[in-house]
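See structure below.
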2 protein chains.
Amino acid sequence: MNYTPTDRTTPSRYAKQRMHYDEATVHAILDEALFCTVSYAVDNVPFSIPTAFVRKGHTLYIHGSVGSHFLREIEKGIPVCISVMLTDALVVAKSAFHHSVNYRSVIIFSKAEKIEDYEQKALFFKELTDKIVPGSWDYLRPMLPKEVQKTTLLAFDIHESSAKMRSGMPIDDEEDQALPIWSGLIPLSNARLAPIPDDLSREIPLPGHLVR
Amino acid sequence: MNYTPTDRTTPSRYAKQRMHYDEATVHAILDEALFCTVSYAVDNVPFSIPTAFVRKGHTLYIHGSVGSHFLREIEKGIPVCISVMLTDALVVAKSAFHHSVNYRSVIIFSKAEKIEDYEQKALFFKELTDKIVPGSWDYLRPMLPKEVQKTTLLAFDIHESSAKMRSGMPIDDEEDQALPIWSGLIPLSNARLAPIPDDLSREIPLPGHLVR
């Protein structure tokens with residue numbers, strides 16, 4: 001299935017080479033990224049906040065304290081823009097001008113819908129926790145009703161969205177290609193390193209889902 | 001020197017524990033991060049774009065094609081919000097509710113000033129290139145005047161800015177601390193991996209600034 005391009009999801013540059021509207025591409029980026037930047041505006045003054053999120057179907061969810069000023073603004077249903085970027089490599093050309101970045105990004109235009117249903121909120125926490133630390137939900141101390149109640153959950157329809165990506169090697173000018181200047185990629189790692197226990201956990205075996 | 005907090009740079013939560021207004025902290029985050037998300041609004045509809053940047057003194061610079069719709073909007077001097085986040089570790093508590101993230105973030109409220117001066121634009125390219133790939137500028141094919149001219153350079157005063165950070169181990173509820181559930185940190189790597197040459201560079205020795 002393809003998301004339908006709109007003026008807002010059609011860029012002024014690279015509209016053909018780099019843009020993707022198919023669901024599979026958009027969802028894969030959203031499911032790999034742990035964090036997004038949510039923007040909104042009041043009197044045309046923009047505000048941006050990085051936050052964790054999870055996608056399910058055509059909906060993206062964020063959460064936070066019921067006291068959060070940011071969530072209280074956007075839960076009114078004002079327009080928001082959500083952006084996500086994964087950086088894969090620095091693209092090193094023979095000239096500075098042709099340097100670039102290999103990235104996979106998504107932009108979404110939407111409005112918040114506040115989720116009040118207890119079961120839906122509880123399910124979100126399971127899905128977010130298992131996204132951030134796969135396999136961990138069933139191992140943890142079960143969530144308490146008061147913890148669910150202390151949290152605001154907002155849902156965003158993602159039908160107005162697009163992915164933008166660059167991949168591959170640098171593209172140098174024809175006349176530069178014979179220069180004895182090294183060009184290529186510097187891959188960027190997004191790896192998770194070995195877990196470090198806190199003082200309470202030194203004697204506790206690392207659970208299977210954290211062993212790699 | 002401290003940046004002066006304003007309503008916009010004072011959050012509703014963790015205003016004491018996590019906020020930093022000193023120049024050294026704000027600048028260190030800006031100098032380590034390669035990418036920021038720039039947001040602006042038209043008729044209260046927000047737009048966000050991730051882009052590379054460089055800081056010099058109290059100014060942050062971004063650039064792009066003179067044809068970029070995004071740059072043409074913000075070069076008018078409308079309000080922008082610039083956000084930056086470095087993610088250091090996933091914070092794994094004994095309950096999902098106390099899971100968190102160790103991060104270092106900066107938020108800036110500003111307006112663009114377009115830089116037309118040729119020398120200032122040329123200097124920006126050197127500084128951006130040497131930030132993204134340290135030591136590389138003098139090795140590359142020199143930048144051409146037409147390349148400088150094809151590029152829009154925008155400067156943002158960063159005096160209205162703040163840093164927000166979390167570090168350290170999870171903080172579990174008192175009554176959870178004796179549970180035999182592993183808690184601690186999963187550090188996130190932001191490392192650069194071994195460079196990969198393109199087809200034009202297989203016979204070209206890797207330059208010293210790319211050897212680690």
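Identifiers in the structure tokens: chain A, B, ... in order shown; residue index from 1 per chain; ligand index from 1 in order shown.
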
Write out, as a Markdown table, each residue of region 64-183 of chain B that has an atom at most 9 Å from region 203-212 of chain A, together with the closest pair of atoms and their distance in Å to one decimal, counting only C-alpha atoms, rows going by chain and rising number.
```
| residue | atom | partner | partner_atom | distance |
| --- | --- | --- | --- | --- |
| B:Pro180 | CA | A:Ile204 | CA | 6.3 |
| B:Ile181 | CA | A:Ile204 | CA | 6.9 |
| B:Trp182 | CA | A:Ile204 | CA | 5.9 |
| B:Ser183 | CA | A:Ile204 | CA | 8.9 |
```

Original post:
Counting only C-alpha atoms, what is within 6 Å of region 88-101 of chain B, bar same-chain residues fewer than 2 positions away, as a list in words?
Top reply: Leu140 and Arg141 of chain A; Tyr103, Pro170, Ile181, Ser183, Gly184, Leu185, Ile186, Pro187 and Leu188 of chain B

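Each of A:Asp157, A:Glu127, A:Glu175, A:Glu75 was checked against Phe53 (chain A) using only C-alpha atoms; the smallest atom-to-atom distance is that of A:Glu127.
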
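Of the listed residues A:His69, A:His27, A:Lys16, A:Lys131, the one whose atoms come nearest to chain B is A:His69, with distances taken using only C-alpha atoms.
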
Original post:
Running DSSP on the backbone, which parts of region 4-79 of chain B land in helix (DSSP H, G or I), as a VMD selection string?
Top reply: chain B and resid 7 to 9 23 to 32 69 to 74

Quick one: contact table of region 129-188 of chain B to region 104-113 of chain B, 7 Å max, nearest atom pair and distance in Å to one decimal per residue, counting only C-alpha atoms, chain and number order, as a tab-separated table?
```
residue	atom	partner	partner_atom	distance
B:Leu154	CA	B:Glu113	CA	5.6
B:Ala155	CA	B:Glu113	CA	5.1
B:Phe156	CA	B:Ala112	CA	5.1
B:Asp157	CA	B:Ser110	CA	6.2
B:Ile158	CA	B:Ile108	CA	6.0
B:Glu160	CA	B:Phe109	CA	5.6
B:Ser161	CA	B:Ile108	CA	4.3
B:Ser162	CA	B:Val106	CA	5.6
B:Ala163	CA	B:Val106	CA	4.3
B:Lys164	CA	B:Ser105	CA	5.2
B:Met165	CA	B:Arg104	CA	4.4
B:Arg166	CA	B:Arg104	CA	6.7
```

Write out, as a PDB file, in the first residue's frame, the residues just selected, with N, CA and C atoms.
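Listing of again_1.pdb after writing:
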```
ATOM      1  N   LEU B 154      22.737  29.969   6.202  1.00  0.00           N
ATOM      2  CA  LEU B 154      21.926  30.695   7.187  1.00  0.00           C
ATOM      3  C   LEU B 154      22.588  30.597   8.552  1.00  0.00           C
ATOM      4  N   ALA B 155      22.582  31.724   9.278  1.00  0.00           N
ATOM      5  CA  ALA B 155      23.175  31.797  10.616  1.00  0.00           C
ATOM      6  C   ALA B 155      22.069  32.025  11.645  1.00  0.00           C
ATOM      7  N   PHE B 156      22.214  31.394  12.801  1.00  0.00           N
ATOM      8  CA  PHE B 156      21.240  31.539  13.886  1.00  0.00           C
ATOM      9  C   PHE B 156      21.965  31.909  15.175  1.00  0.00           C
ATOM     10  N   ASP B 157      21.581  33.026  15.767  1.00  0.00           N
ATOM     11  CA  ASP B 157      22.076  33.365  17.093  1.00  0.00           C
ATOM     12  C   ASP B 157      21.535  32.330  18.087  1.00  0.00           C
ATOM     13  N   ILE B 158      22.409  31.826  18.989  1.00  0.00           N
ATOM     14  CA  ILE B 158      21.960  30.751  19.886  1.00  0.00           C
ATOM     15  C   ILE B 158      21.824  31.215  21.342  1.00  0.00           C
ATOM     16  N   GLU B 160      19.212  32.199  22.925  1.00  0.00           N
ATOM     17  CA  GLU B 160      18.041  31.621  23.607  1.00  0.00           C
ATOM     18  C   GLU B 160      18.094  30.104  23.443  1.00  0.00           C
ATOM     19  N   SER B 161      18.858  29.474  24.336  1.00  0.00           N
ATOM     20  CA  SER B 161      19.069  28.033  24.212  1.00  0.00           C
ATOM     21  C   SER B 161      19.234  27.403  25.584  1.00  0.00           C
ATOM     22  N   SER B 162      19.067  26.087  25.624  1.00  0.00           N
ATOM     23  CA  SER B 162      19.299  25.358  26.868  1.00  0.00           C
ATOM     24  C   SER B 162      19.675  23.932  26.527  1.00  0.00           C
ATOM     25  N   ALA B 163      20.344  23.296  27.469  1.00  0.00           N
ATOM     26  CA  ALA B 163      20.673  21.877  27.349  1.00  0.00           C
ATOM     27  C   ALA B 163      19.850  21.104  28.375  1.00  0.00           C
ATOM     28  N   LYS B 164      19.432  19.909  28.007  1.00  0.00           N
ATOM     29  CA  LYS B 164      18.731  19.019  28.934  1.00  0.00           C
ATOM     30  C   LYS B 164      19.416  17.660  28.829  1.00  0.00           C
ATOM     31  N   MET B 165      19.724  17.074  29.967  1.00  0.00           N
ATOM     32  CA  MET B 165      20.496  15.835  29.966  1.00  0.00           C
ATOM     33  C   MET B 165      19.984  14.897  31.055  1.00  0.00           C
ATOM     34  N   ARG B 166      20.122  13.615  30.801  1.00  0.00           N
ATOM     35  CA  ARG B 166      19.984  12.613  31.863  1.00  0.00           C
ATOM     36  C   ARG B 166      21.220  11.743  31.798  1.00  0.00           C
TER      37      ARG B 166
END
```

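When the distance limit is 9 Å and only C-alpha atoms are what count, the residues near region 34-36 of chain A, minus those fewer than 2 positions from it on the same chain, are Leu30, Asp31, Glu32, Val38, Ile49, Pro50, Thr51, Ala52, Phe53, Val54, Ile82, Ser83, Val84, Met85, Lys131 and Ile132 of chain A.
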
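If you measure from each of A:Ser167, A:Gln177, A:Asn2, A:Gln149 to chain B using only C-alpha atoms, the closest one turns out to be A:Gln177.
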
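Using only C-alpha atoms, the smallest distance between any of A:Glu116, A:Glu23, A:Asp43, A:Asp173 and chain B comes from A:Asp43.
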
**OP:** Measuring atom to atom with only C-alpha atoms, identify which of A:Arg18, A:Lys121, A:Lys114, A:Arg8 is nearest to chain B.
**Re:** A:Arg8

**OP:** Using only C-alpha atoms, find the one residue out of A:Thr151, A:Ser65, A:Ser12, A:Gln17 that sits nearest to chain B.
**Re:** A:Ser12

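From CA of Lys126 (chain A) back to CA of Tyr61 (chain A), the distance works out to 12.3 Å.
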
Original post:
If you run DSSP on this backbone, which residues of region 96-149 of chain A come out as strand (DSSP E or B), and could you give them as JSON, numbers by chain?
Top reply: {"A": [100, 101, 102, 103, 104, 105, 106, 107, 108, 109, 110, 111, 112, 113, 114, 115, 141]}

Original post:
Could you name the residues that touch Glu73 (chain B) at 10 Å or less, counting only C-alpha atoms, but leaving out those on the same chain fewer than 5 positions away, as an MDAnalysis selection string?
Top reply: chainID B and resid 40:42 68 78 112

**OP:** Find the spatial neighbours of Val148 (chain A), counting only C-alpha atoms, within a cut-off of 9 Å - ignore same-chain residues fewer than 2 positions away - and output them as number ranges by chain.
**Re:** A: 118, 121-122, 125, 143-146, 150-152; B: 97
